[in-house]
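Participant: So here's structure.tsv (TSV, C-alpha atoms).
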chain	number	residue	atom	x	y	z
A	1	MET	CA	-8.90	21.83	-2.34
A	2	ASP	CA	-7.86	21.29	-5.91
A	3	PRO	CA	-4.32	22.62	-6.11
A	4	SER	CA	-4.72	23.59	-9.77
A	5	SER	CA	-7.65	25.97	-9.17
A	6	GLY	CA	-5.50	28.50	-7.38
A	7	ALA	CA	-2.85	28.34	-10.06
A	8	THR	CA	-5.26	28.97	-12.95
A	9	LEU	CA	-7.00	31.86	-11.22
A	10	GLU	CA	-3.71	33.46	-10.26
A	11	ASN	CA	-2.65	33.34	-13.89
A	12	ALA	CA	-5.46	35.73	-14.84
A	13	HIS	CA	-3.83	38.43	-12.70
A	14	ARG	CA	-0.29	37.24	-12.98
A	15	ARG	CA	1.19	40.62	-13.89
A	16	LEU	CA	-0.70	42.48	-11.19
A	17	HIS	CA	0.37	39.91	-8.62
A	18	ARG	CA	3.96	40.22	-9.76
A	19	VAL	CA	3.86	43.97	-9.09
A	20	VAL	CA	2.11	43.41	-5.75
A	21	PHE	CA	4.71	40.83	-4.80
A	22	LEU	CA	7.63	43.16	-5.53
A	23	ALA	CA	5.99	46.10	-3.75
A	24	ALA	CA	5.06	43.99	-0.74
A	25	ALA	CA	8.53	42.45	-0.54
A	26	LEU	CA	10.22	45.85	-0.76
A	27	CYS	CA	7.95	47.39	1.88
A	28	LEU	CA	8.30	44.39	4.18
A	29	VAL	CA	12.09	44.46	3.95
A	30	VAL	CA	12.22	48.19	4.71
A	31	GLN	CA	9.70	47.93	7.54
A	32	VAL	CA	11.61	45.08	9.13
A	33	ILE	CA	14.89	47.00	8.86
A	34	GLU	CA	13.20	50.11	10.23
A	35	GLY	CA	11.62	48.25	13.12
A	36	ALA	CA	14.87	46.55	14.02
A	37	LEU	CA	17.33	49.40	13.53
A	38	PHE	CA	15.43	52.63	14.15
A	39	VAL	CA	16.03	52.75	17.91
A	40	PRO	CA	19.74	51.87	17.72
A	41	PHE	CA	20.19	54.46	14.94
A	42	VAL	CA	18.52	57.24	16.93
A	43	LEU	CA	20.45	56.37	20.09
A	44	VAL	CA	23.78	56.20	18.26
A	45	TYR	CA	22.98	59.46	16.46
A	46	LEU	CA	22.41	61.11	19.83
A	47	GLY	CA	25.74	59.87	21.18
A	48	TRP	CA	24.94	56.65	23.01
A	49	PRO	CA	26.87	54.75	24.42
A	50	GLN	CA	29.47	57.47	25.13
A	51	VAL	CA	26.77	59.41	26.94
A	52	GLY	CA	24.03	57.72	28.91
A	53	ILE	CA	20.36	57.59	27.90
A	54	ARG	CA	19.40	59.68	30.90
A	55	GLU	CA	21.87	62.40	29.98
A	56	ILE	CA	20.61	62.42	26.38
A	57	CYS	CA	17.03	62.66	27.62
A	58	GLY	CA	17.92	65.64	29.83
A	59	GLU	CA	19.64	67.39	26.93
A	60	LEU	CA	16.60	66.82	24.72
A	61	TYR	CA	14.37	68.42	27.36
A	62	ASP	CA	16.73	71.37	27.59
A	63	LEU	CA	16.42	71.77	23.84
A	64	THR	CA	12.66	71.47	23.44
A	65	TYR	CA	11.78	73.64	26.46
A	66	GLN	CA	14.73	75.97	25.79
A	67	ASP	CA	15.48	75.81	29.46
A	68	GLU	CA	18.93	74.82	30.69
A	69	GLY	CA	19.24	72.29	33.46
A	70	ARG	CA	16.04	70.31	33.10
A	71	THR	CA	16.52	66.67	33.94
A	72	CYS	CA	14.70	63.44	33.08
A	73	ARG	CA	13.28	62.17	36.33
A	74	HIS	CA	13.73	58.41	36.30
A	75	PRO	CA	12.02	56.25	37.39
A	76	TYR	CA	9.02	58.51	37.04
A	77	PRO	CA	6.57	57.78	39.88
A	78	LEU	CA	3.21	56.44	38.73
A	79	PHE	CA	0.90	58.83	40.62
A	80	PHE	CA	3.01	61.91	40.52
A	81	ARG	CA	2.93	65.03	38.46
A	82	ASP	CA	6.02	67.13	38.38
A	83	PHE	CA	5.20	70.47	36.84
A	84	THR	CA	8.81	71.46	36.55
A	85	PRO	CA	10.04	69.25	33.73
A	86	GLU	CA	6.57	68.74	32.17
A	87	PRO	CA	4.93	72.11	32.46
A	88	ASP	CA	1.39	71.48	31.27
A	89	LEU	CA	0.08	73.82	33.98
A	90	GLU	CA	2.94	76.22	34.34
A	91	ALA	CA	2.84	79.83	33.19
A	92	SER	CA	2.80	80.23	29.43
A	93	LYS	CA	6.10	80.09	27.62
A	94	GLU	CA	4.61	81.58	24.51
A	95	HIS	CA	7.54	83.95	24.14
A	96	VAL	CA	9.79	80.89	23.74
A	97	PHE	CA	7.64	78.37	21.88
A	98	GLY	CA	5.38	80.54	19.79
A	99	PRO	CA	1.70	79.66	20.12
A	100	VAL	CA	1.30	77.00	22.79
A	101	THR	CA	-0.74	73.82	22.51
A	102	PRO	CA	-3.59	73.78	23.23
A	103	PRO	CA	-4.14	77.41	22.28
A	104	ARG	CA	-6.50	79.35	24.52
A	105	PRO	CA	-9.13	81.39	22.57
A	106	ARG	CA	-9.70	84.08	25.27
A	107	TYR	CA	-12.89	85.73	23.94
A	108	ASP	CA	-16.21	86.52	25.60
A	109	VAL	CA	-18.92	84.12	24.47
A	110	PRO	CA	-22.10	86.11	23.67
A	111	GLY	CA	-25.04	85.36	25.95
A	112	TRP	CA	-28.61	84.47	24.98
A	113	ARG	CA	-29.65	86.92	22.19
A	114	GLU	CA	-26.85	89.25	23.21
A	115	MET	CA	-26.12	89.77	19.52
A	116	ILE	CA	-29.19	92.07	19.35
A	117	SER	CA	-27.78	94.54	21.84
A	118	ARG	CA	-24.37	94.31	20.22
A	119	VAL	CA	-25.73	95.05	16.75
A	120	GLU	CA	-27.94	97.84	18.08
A	121	ALA	CA	-25.00	99.41	19.84
A	122	ARG	CA	-22.98	99.21	16.64
A	123	ARG	CA	-25.82	100.74	14.58
A	124	ALA	CA	-26.14	103.55	17.08
A	125	ALA	CA	-22.39	104.21	17.00
A	126	GLU	CA	-22.39	104.23	13.20
A	127	ALA	CA	-25.42	106.53	13.06
A	128	SER	CA	-23.89	109.04	15.45
A	129	ALA	CA	-20.62	108.92	13.50
A	130	ARG	CA	-22.58	109.71	10.30
A	131	GLY	CA	-24.43	112.49	12.09
A	132	ALA	CA	-21.16	113.94	13.28
A	133	ALA	CA	-19.81	113.83	9.71
A	134	HIS	CA	-22.85	115.82	8.36
A	135	GLU	CA	-22.40	118.69	10.79
B	1	MET	CA	14.80	14.31	1.69
B	2	SER	CA	12.76	13.97	-1.47
B	3	SER	CA	9.08	14.86	-1.06
B	4	ALA	CA	8.14	12.30	-3.72
B	5	ALA	CA	9.02	9.53	-1.28
B	6	LEU	CA	6.17	10.55	1.03
B	7	GLY	CA	2.46	9.91	0.63
B	8	TYR	CA	0.12	12.86	0.00
B	9	ASP	CA	-1.20	12.92	3.60
B	10	ASP	CA	2.30	12.70	5.03
B	11	LEU	CA	3.33	15.51	2.76
B	12	LEU	CA	0.47	17.73	3.93
B	13	GLU	CA	1.18	16.92	7.55
B	14	ARG	CA	4.86	17.68	7.15
B	15	ALA	CA	4.17	20.92	5.30
B	16	GLY	CA	1.62	21.92	7.96
B	17	ALA	CA	4.13	21.32	10.76
B	18	ILE	CA	6.78	23.43	9.04
B	19	GLN	CA	4.20	26.10	8.29
B	20	ARG	CA	3.13	26.32	11.94
B	21	ARG	CA	6.72	26.42	13.14
B	22	ALA	CA	7.64	29.12	10.65
B	23	ASP	CA	4.54	31.16	11.55
B	24	ARG	CA	5.36	30.95	15.25
B	25	HIS	CA	8.79	32.43	14.59
B	26	LEU	CA	7.46	35.00	12.16
B	27	VAL	CA	4.76	36.23	14.55
B	28	VAL	CA	7.16	36.48	17.49
B	29	GLY	CA	9.63	38.28	15.23
B	30	SER	CA	6.95	40.63	13.85
B	31	VAL	CA	5.66	41.62	17.27
B	32	LEU	CA	9.18	42.22	18.61
B	33	ILE	CA	10.02	44.27	15.53
B	34	GLY	CA	6.72	46.08	16.05
B	35	THR	CA	7.80	47.22	19.51
B	36	MET	CA	10.76	48.98	17.83
B	37	LEU	CA	12.47	49.12	21.23
B	38	LEU	CA	13.06	45.35	21.07
B	39	GLY	CA	13.19	45.24	17.28
B	40	LEU	CA	16.74	44.04	17.08
B	41	PHE	CA	15.84	40.91	19.07
B	42	GLY	CA	12.93	40.20	16.72
B	43	LEU	CA	15.04	40.19	13.59
B	44	PRO	CA	16.59	36.68	14.02
B	45	PHE	CA	13.14	35.15	14.72
B	46	PHE	CA	11.71	36.79	11.63
B	47	LEU	CA	14.56	35.77	9.33
B	48	TYR	CA	14.56	32.21	10.67
B	49	GLY	CA	10.80	31.94	9.99
B	50	LEU	CA	11.27	33.14	6.43
B	51	TRP	CA	14.16	30.78	5.92
B	52	LEU	CA	12.05	27.80	7.11
B	53	LEU	CA	9.39	28.64	4.53
B	54	TYR	CA	11.94	29.21	1.78
B	55	ARG	CA	13.58	25.87	2.50
B	56	ALA	CA	10.22	24.06	2.55
B	57	GLU	CA	9.27	25.62	-0.77
B	58	ARG	CA	12.59	24.59	-2.30
B	59	ALA	CA	11.95	21.03	-1.08
B	60	GLY	CA	8.63	21.09	-2.96
B	61	LEU	CA	6.42	21.02	0.12
B	62	PRO	CA	2.93	22.58	-0.27
B	63	VAL	CA	3.37	25.58	2.03
B	64	ARG	CA	1.44	28.84	1.73
B	65	PRO	CA	2.40	30.86	-1.40
B	66	ALA	CA	5.14	33.41	-0.76
B	67	LEU	CA	2.96	36.26	-2.04
B	68	MET	CA	0.35	35.58	0.64
B	69	THR	CA	3.00	35.25	3.31
B	70	PHE	CA	4.52	38.58	2.32
B	71	ILE	CA	1.18	40.41	2.22
B	72	GLY	CA	0.07	38.91	5.53
B	73	TYR	CA	3.28	39.74	7.39
B	74	LEU	CA	3.52	43.15	5.77
B	75	VAL	CA	0.13	43.99	7.30
B	76	LEU	CA	1.06	42.33	10.59
B	77	VAL	CA	4.39	44.14	11.02
B	78	ASP	CA	2.80	47.43	9.93
B	79	GLY	CA	-0.03	46.88	12.43
B	80	ALA	CA	2.29	45.96	15.28
B	81	MET	CA	4.60	48.90	14.66
B	82	ASN	CA	1.79	51.44	14.51
B	83	THR	CA	-0.14	49.99	17.47
B	84	LEU	CA	2.88	49.94	19.74
B	85	GLY	CA	4.34	53.15	18.37
B	86	GLY	CA	1.11	55.00	19.07
B	87	MET	CA	0.52	53.36	22.42
B	88	ILE	CA	4.00	53.90	23.90
B	89	ASP	CA	3.61	57.59	23.10
B	90	ALA	CA	0.10	57.73	24.54
B	91	LEU	CA	0.63	55.57	27.63
B	92	ALA	CA	4.35	55.17	28.36
B	93	ASN	CA	5.51	58.67	27.56
B	94	HIS	CA	7.39	59.10	30.83
B	95	SER	CA	9.61	56.04	30.64
B	96	LEU	CA	13.23	56.95	30.04
B	97	ILE	CA	13.80	54.97	26.85
B	98	VAL	CA	10.52	56.14	25.28
B	99	ARG	CA	11.22	59.79	26.08
B	100	THR	CA	14.70	59.51	24.63
B	101	PHE	CA	13.74	57.47	21.57
B	102	ILE	CA	10.60	59.38	20.62
B	103	MET	CA	12.07	62.82	21.24
B	104	GLY	CA	15.19	61.75	19.36
B	105	THR	CA	13.07	60.59	16.45
B	106	GLY	CA	11.20	63.87	16.59
B	107	LEU	CA	14.42	65.79	16.38
B	108	VAL	CA	15.44	63.85	13.27
B	109	PHE	CA	12.14	63.44	11.37
B	110	ASP	CA	9.04	65.05	12.84
B	111	ALA	CA	9.02	68.03	15.20
B	112	GLY	CA	5.53	67.00	16.30
B	113	TYR	CA	7.29	64.49	18.53
B	114	PHE	CA	9.82	66.96	19.87
B	115	TRP	CA	8.17	70.36	20.15
B	116	GLN	CA	6.64	70.75	23.62
B	117	TYR	CA	6.88	67.02	24.20
B	118	ASN	CA	5.00	65.90	27.33
B	119	THR	CA	3.48	69.30	27.95
B	120	LEU	CA	-0.17	68.27	27.56
B	121	LEU	CA	-2.22	66.60	30.24
B	122	VAL	CA	-2.19	63.28	28.36
B	123	GLY	CA	1.54	63.50	27.71
B	124	GLY	CA	3.50	62.44	24.66
B	125	THR	CA	3.26	64.35	21.42
B	126	SER	CA	1.79	67.85	21.50
B	127	ALA	CA	1.35	68.16	17.73
B	128	PRO	CA	-2.17	69.38	16.91
B	129	GLY	CA	-4.49	66.47	16.16
B	130	GLU	CA	-1.77	63.86	16.44
B	131	LYS	CA	-2.99	62.35	19.70
B	132	ALA	CA	-6.45	61.71	18.25
B	133	TRP	CA	-4.94	59.78	15.36
B	134	GLU	CA	-2.69	57.85	17.73
B	135	VAL	CA	-5.65	56.70	19.79
B	136	ALA	CA	-7.98	56.00	16.86
B	137	ASN	CA	-5.32	54.06	14.98
B	138	GLY	CA	-3.59	52.45	17.92
B	139	VAL	CA	-6.75	51.32	19.71
B	140	VAL	CA	-9.08	50.51	16.81
B	141	LEU	CA	-7.51	50.21	13.38
B	142	PHE	CA	-4.09	48.65	13.81
B	143	PRO	CA	-5.01	46.00	16.42
B	144	MET	CA	-7.78	45.02	14.01
B	145	ARG	CA	-5.25	44.78	11.22
B	146	ILE	CA	-2.97	42.54	13.28
B	147	VAL	CA	-5.84	40.13	13.94
B	148	ALA	CA	-7.03	40.33	10.33
B	149	ALA	CA	-3.54	39.51	9.06
B	150	TRP	CA	-3.31	36.54	11.40
B	151	GLY	CA	-6.68	35.20	10.19
B	152	PHE	CA	-5.60	35.79	6.59
B	153	LEU	CA	-2.33	33.93	7.09
B	154	ARG	CA	-4.23	30.99	8.57
B	155	MET	CA	-6.49	31.20	5.49
B	156	LYS	CA	-9.67	31.76	7.44
B	157	ARG	CA	-12.69	33.17	5.65
B	158	TRP	CA	-13.04	35.94	8.26
B	159	GLY	CA	-9.36	36.67	7.82
B	160	LEU	CA	-9.83	37.59	4.16
B	161	GLN	CA	-13.00	39.56	4.94
B	162	TRP	CA	-11.36	41.54	7.72
B	163	MET	CA	-8.29	42.19	5.61
B	164	VAL	CA	-10.56	43.84	3.04
B	165	VAL	CA	-12.49	45.80	5.70
B	166	SER	CA	-9.40	46.96	7.60
B	167	CYS	CA	-7.48	47.81	4.42
B	168	TRP	CA	-10.22	50.24	3.43
B	169	MET	CA	-10.17	51.63	6.95
B	170	GLY	CA	-6.43	52.00	6.46
B	171	VAL	CA	-7.03	54.11	3.35
B	172	TYR	CA	-9.35	56.34	5.39
B	173	ALA	CA	-6.80	56.65	8.20
B	174	TRP	CA	-4.01	57.39	5.74
B	175	VAL	CA	-5.98	60.23	4.13
B	176	GLY	CA	-7.06	61.67	7.49
B	177	TYR	CA	-3.61	61.42	9.05
B	178	MET	CA	-1.90	62.91	6.03
B	179	TRP	CA	-4.26	65.87	5.87
B	180	ASN	CA	-3.77	66.56	9.55
B	181	PHE	CA	-0.01	66.26	9.15
B	182	THR	CA	0.07	68.49	6.07
B	183	THR	CA	-2.20	71.09	7.66
B	184	TYR	CA	0.36	71.52	10.44
B	185	ALA	CA	3.42	70.86	8.29
B	186	GLU	CA	4.89	74.23	9.18
B	187	MET	CA	5.04	73.08	12.78
B	188	ARG	CA	6.17	69.53	12.09
B	189	LEU	CA	8.68	69.71	9.28
B	190	VAL	CA	10.55	72.81	10.40
B	191	ASP	CA	13.69	72.58	12.51
B	192	VAL	CA	14.18	68.86	11.90
B	193	LEU	CA	17.20	67.15	10.47
B	194	ALA	CA	15.36	65.34	7.64
B	195	PRO	CA	12.22	67.29	6.68
B	196	VAL	CA	10.08	66.32	3.66
B	197	TRP	CA	12.54	63.86	2.12
B	198	GLY	CA	12.99	62.28	5.55
B	199	TRP	CA	9.25	61.81	5.82
B	200	TRP	CA	9.24	59.96	2.49
B	201	LEU	CA	12.23	57.92	3.56
B	202	TYR	CA	10.62	56.40	6.63
B	203	ASN	CA	6.88	56.66	5.92
B	204	LEU	CA	6.49	55.59	2.31
B	205	TRP	CA	6.76	51.92	3.28
B	206	TYR	CA	3.51	52.02	5.23
B	207	VAL	CA	1.35	52.27	2.10
B	208	THR	CA	0.34	48.71	2.94
B	209	PRO	CA	-3.42	49.06	2.24
B	210	PHE	CA	-2.82	50.39	-1.25
B	211	ILE	CA	-0.64	47.38	-2.04
B	212	ALA	CA	-2.92	44.81	-0.42
B	213	ILE	CA	-6.31	45.94	-1.79
B	214	PRO	CA	-5.69	45.05	-5.49
B	215	PHE	CA	-4.35	41.70	-4.35
B	216	LEU	CA	-7.29	40.95	-2.03
B	217	TYR	CA	-9.80	41.54	-4.83
B	218	THR	CA	-8.00	39.33	-7.34
B	219	ILE	CA	-7.10	36.42	-5.09
B	220	ASN	CA	-8.89	33.09	-5.43
B	221	ARG	CA	-11.46	33.28	-2.64
B	222	GLU	CA	-12.14	29.55	-2.87
B	223	MET	CA	-8.90	29.05	-0.94
B	224	PHE	CA	-10.39	30.70	2.16
B	225	THR	CA	-12.87	28.05	3.23
B	226	ASP	CA	-12.10	27.67	6.95
B	227	ASP	CA	-14.39	29.49	9.37
Represent the structure from my file as C-alpha cells, please.
Facilitator:
Amino acid sequence: MDPSSGATLENAHRRLHRVVFLAAALCLVVQVIEGALFVPFVLVYLGWPQVGIREICGELYDLTYQDEGRTCRHPYPLFFRDFTPEPDLEASKEHVFGPVTPPRPRYDVPGWREMISRVEARRAAEASARGAAHE
Amino acid sequence: MSSAALGYDDLLERAGAIQRRADRHLVVGSVLIGTMLLGLFGLPFFLYGLWLLYRAERAGLPVRPALMTFIGYLVLVDGAMNTLGGMIDALANHSLIVRTFIMGTGLVFDAGYFWQYNTLLVGGTSAPGEKAWEVANGVVLFPMRIVAAWGFLRMKRWGLQWMVVSCWMGVYAWVGYMWNFTTYAEMRLVDVLAPVWGWWLYNLWYVTPFIAIPFLYTINREMFTDD
C-alpha cells in the first residue's frame, strides 16, 4: 500500500472527518463511562452497600407490584415457576397497574358470514324503531 | 527508541505487534464494558489499549489511524452493550443482580423496565413491543455489528462492507425502536426519576450509525484489500 494515497484521499473530506472524529470520540468516551459506571451508580443510588442487593431487589418488587412483602427468590431454580413474585398467570391486578400487559381483547369473533345476520338484525331493529316513531 | 533506526520491514513488524496487543486489550475491555455488570473491570483494559496505540503513534510507528480506531471501537462497544443488555433482560431476567440492576435502571430512566417487570411468560421487560426489539437487535443486528467492527478494525474488505450494511440496519432499528418507544411514552417516561432529559442523557450516545455512515462512504476503500 502506498502510504500517501490514504493521506491525499482523506484530505478531500478533511473537514467532514474532523467532525466525525470529534463526534465518535465524544460518543465513545460517554459509552465507555456509561458501560463502566452505570451499574455502580444504580446500585449506590439504591443504597448499596448499606443495604444488600437482595433487600433492594425485594423492595423494588414491592414497589412495582404495589404489594408489600414480596421477596426476590435467590437463587432462582432453573425449571421452576413461582407465580407469587412473578404473577404472569395470577388474577388480574388491573385495579393496581392500570391496563395489564398483554391486554386481553375479550370480544366475540364473528363466525363465517355472521355479519349478514348481524346487519339484518340491526336493520330490523332500526326499521321497527322507525315504525314505532311513526305511530 | 527512534523509529528511524529500524528498517521498513522491522518497523511494520513492530507496529503490527503493538497493534495486535493493543487490539487484544481493547476488545477484552470493550466486551467487559459491554456486559455493564463487569464494566468497571473492562475499563483498565480499554484505557491500556488506547494508551498503547497513542504511544506507538507518538513514536511514529505506522499504526491504524486514530479515526478508524475510534469508529471501530465505538461500533464494537455499542454492539456489545446492546447485545448483552438485551440478552440479559431476555434470558437472565431472574438472576439477582440483573433484576436489581435492570429494575433500578427502570426506576431512574425508563418505566418500561420497571412497570410489571417479569410478569410476562418470557420475563424481563413488559413494555409493549420492547421484547421484540430486544430479540431482533440482540440476536441479529448488534452481534452482526460486533463482527463487522472487528473485521473493519482488521481492515478486511468484508469488514468495511458489513459496517456499511449493518450501519444502515442500525438506522432502521433506531427509527423502529424510537417509534415504538414514543408510541408508549406515556407508559415509559411517567413516574421515573429522569424522564425525557434522562433519555437524552443516556441514549444520545448510541447514534453510532449516523456518525459512521458519512465516514464509511468517504474513506479510502483501497485500504481495505484483505479478504
Participant: For chain A, report every residue with an atom at most 7 Å from chain B (counting all atoms listed in the file), formatted as a PyMOL selection string.
Facilitator: chain A and resi 6+9-10+13+17+20-21+23-25+27-28+30-32+35-39+42-43+53-54+56-57+60+64-65+74+76+86-88+101
Participant: Give me, please, the distance in Å between atom CA of A:Leu16 and atom CA of B:Cys167, quoted to one decimal.
Facilitator: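 Atom CA of B:Cys167 lies 17.8 Å from atom CA of A:Leu16.
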Participant: Figure out the distance between atom CA of B:Asp10 and atom CA of B:Arg55, please, to one decimal in Å.
Facilitator: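 Separation between atom CA of B:Arg55 and atom CA of B:Asp10: 17.5 Å.
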Participant: Between atom CA of B:Arg64 and atom CA of B:Arg154, what is the distance, to one decimal in Å?
Facilitator: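 Distance between the two atoms: 9.1 Å.
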Participant: From the list B:Trp158, B:Phe109, B:Trp168, B:Trp179, which residue is nearest B:Trp200 when using only C-alpha atoms?
Facilitator: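 Among the listed residues, B:Phe109 lies closest to B:Trp200.
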Participant: Closest to B:Asp23 among B:Val135, B:Leu216, B:Gly49, B:Val196, using only C-alpha atoms?
Facilitator: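 Checking each candidate against B:Asp23, we get B:Gly49 as the closest.
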Participant: Please, which residues are within 9 Å of (2.0, 51.6, 18.2) by the file's coordinates, counting only C-alpha atoms, and could they come as a list in words?
Facilitator: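 The answer, in the requested form, is Gly34, Thr35, Gly79, Ala80, Met81, Asn82, Thr83, Leu84, Gly85, Gly86, Met87, Ile88, Asp89, Glu134, Asn137, Gly138, Val139 and Phe142 of chain B.
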Participant: Can you give me N, CA and C atoms for stretch 120-135 of chain A, written as an mmCIF file, in the coordinates of the input?
Facilitator:
data_model
loop_
_atom_site.group_PDB
_atom_site.id
_atom_site.type_symbol
_atom_site.label_atom_id
_atom_site.label_comp_id
_atom_site.auth_asym_id
_atom_site.auth_seq_id
_atom_site.Cartn_x
_atom_site.Cartn_y
_atom_site.Cartn_z
ATOM 1 N N GLU A 120 -27.301 96.546 17.874
ATOM 2 C CA GLU A 120 -27.940 97.840 18.080
ATOM 3 C C GLU A 120 -26.930 98.889 18.523
ATOM 4 N N ALA A 121 -26.037 98.495 19.382
ATOM 5 C CA ALA A 121 -25.000 99.410 19.840
ATOM 6 C C ALA A 121 -24.129 99.856 18.669
ATOM 7 N N ARG A 122 -23.809 98.868 17.797
ATOM 8 C CA ARG A 122 -22.980 99.210 16.640
ATOM 9 C C ARG A 122 -23.707 100.167 15.693
ATOM 10 N N ARG A 123 -25.028 99.855 15.450
ATOM 11 C CA ARG A 123 -25.820 100.740 14.580
ATOM 12 C C ARG A 123 -25.849 102.165 15.149
ATOM 13 N N ALA A 124 -26.054 102.239 16.441
ATOM 14 C CA ALA A 124 -26.140 103.550 17.080
ATOM 15 C C ALA A 124 -24.820 104.301 16.918
ATOM 16 N N ALA A 125 -23.710 103.574 17.110
ATOM 17 C CA ALA A 125 -22.390 104.210 17.000
ATOM 18 C C ALA A 125 -22.159 104.694 15.574
ATOM 19 N N GLU A 126 -22.581 103.847 14.604
ATOM 20 C CA GLU A 126 -22.390 104.230 13.200
ATOM 21 C C GLU A 126 -23.253 105.442 12.843
ATOM 22 N N ALA A 127 -24.506 105.420 13.348
ATOM 23 C CA ALA A 127 -25.420 106.530 13.060
ATOM 24 C C ALA A 127 -24.888 107.838 13.623
ATOM 25 N N SER A 128 -24.392 107.803 14.855
ATOM 26 C CA SER A 128 -23.890 109.040 15.450
ATOM 27 C C SER A 128 -22.633 109.511 14.739
ATOM 28 N N ALA A 129 -21.826 108.545 14.249
ATOM 29 C CA ALA A 129 -20.620 108.920 13.500
ATOM 30 C C ALA A 129 -21.021 109.623 12.201
ATOM 31 N N ARG A 130 -22.096 109.079 11.540
ATOM 32 C CA ARG A 130 -22.580 109.710 10.300
ATOM 33 C C ARG A 130 -23.106 111.107 10.587
ATOM 34 N N GLY A 131 -23.873 111.192 11.695
ATOM 35 C CA GLY A 131 -24.430 112.490 12.090
ATOM 36 C C GLY A 131 -23.335 113.502 12.331
ATOM 37 N N ALA A 132 -22.276 113.046 12.986
ATOM 38 C CA ALA A 132 -21.160 113.940 13.280
ATOM 39 C C ALA A 132 -20.504 114.404 11.994
ATOM 40 N N ALA A 133 -20.457 113.489 10.974
ATOM 41 C CA ALA A 133 -19.810 113.830 9.710
ATOM 42 C C ALA A 133 -20.604 114.906 8.957
ATOM 43 N N HIS A 134 -22.006 114.860 9.069
ATOM 44 C CA HIS A 134 -22.850 115.820 8.360
ATOM 45 C C HIS A 134 -22.683 117.225 8.885
ATOM 46 N N GLU A 135 -22.403 117.340 10.200
ATOM 47 C CA GLU A 135 -22.400 118.690 10.790
ATOM 48 C C GLU A 135 -21.197 119.518 10.435
#
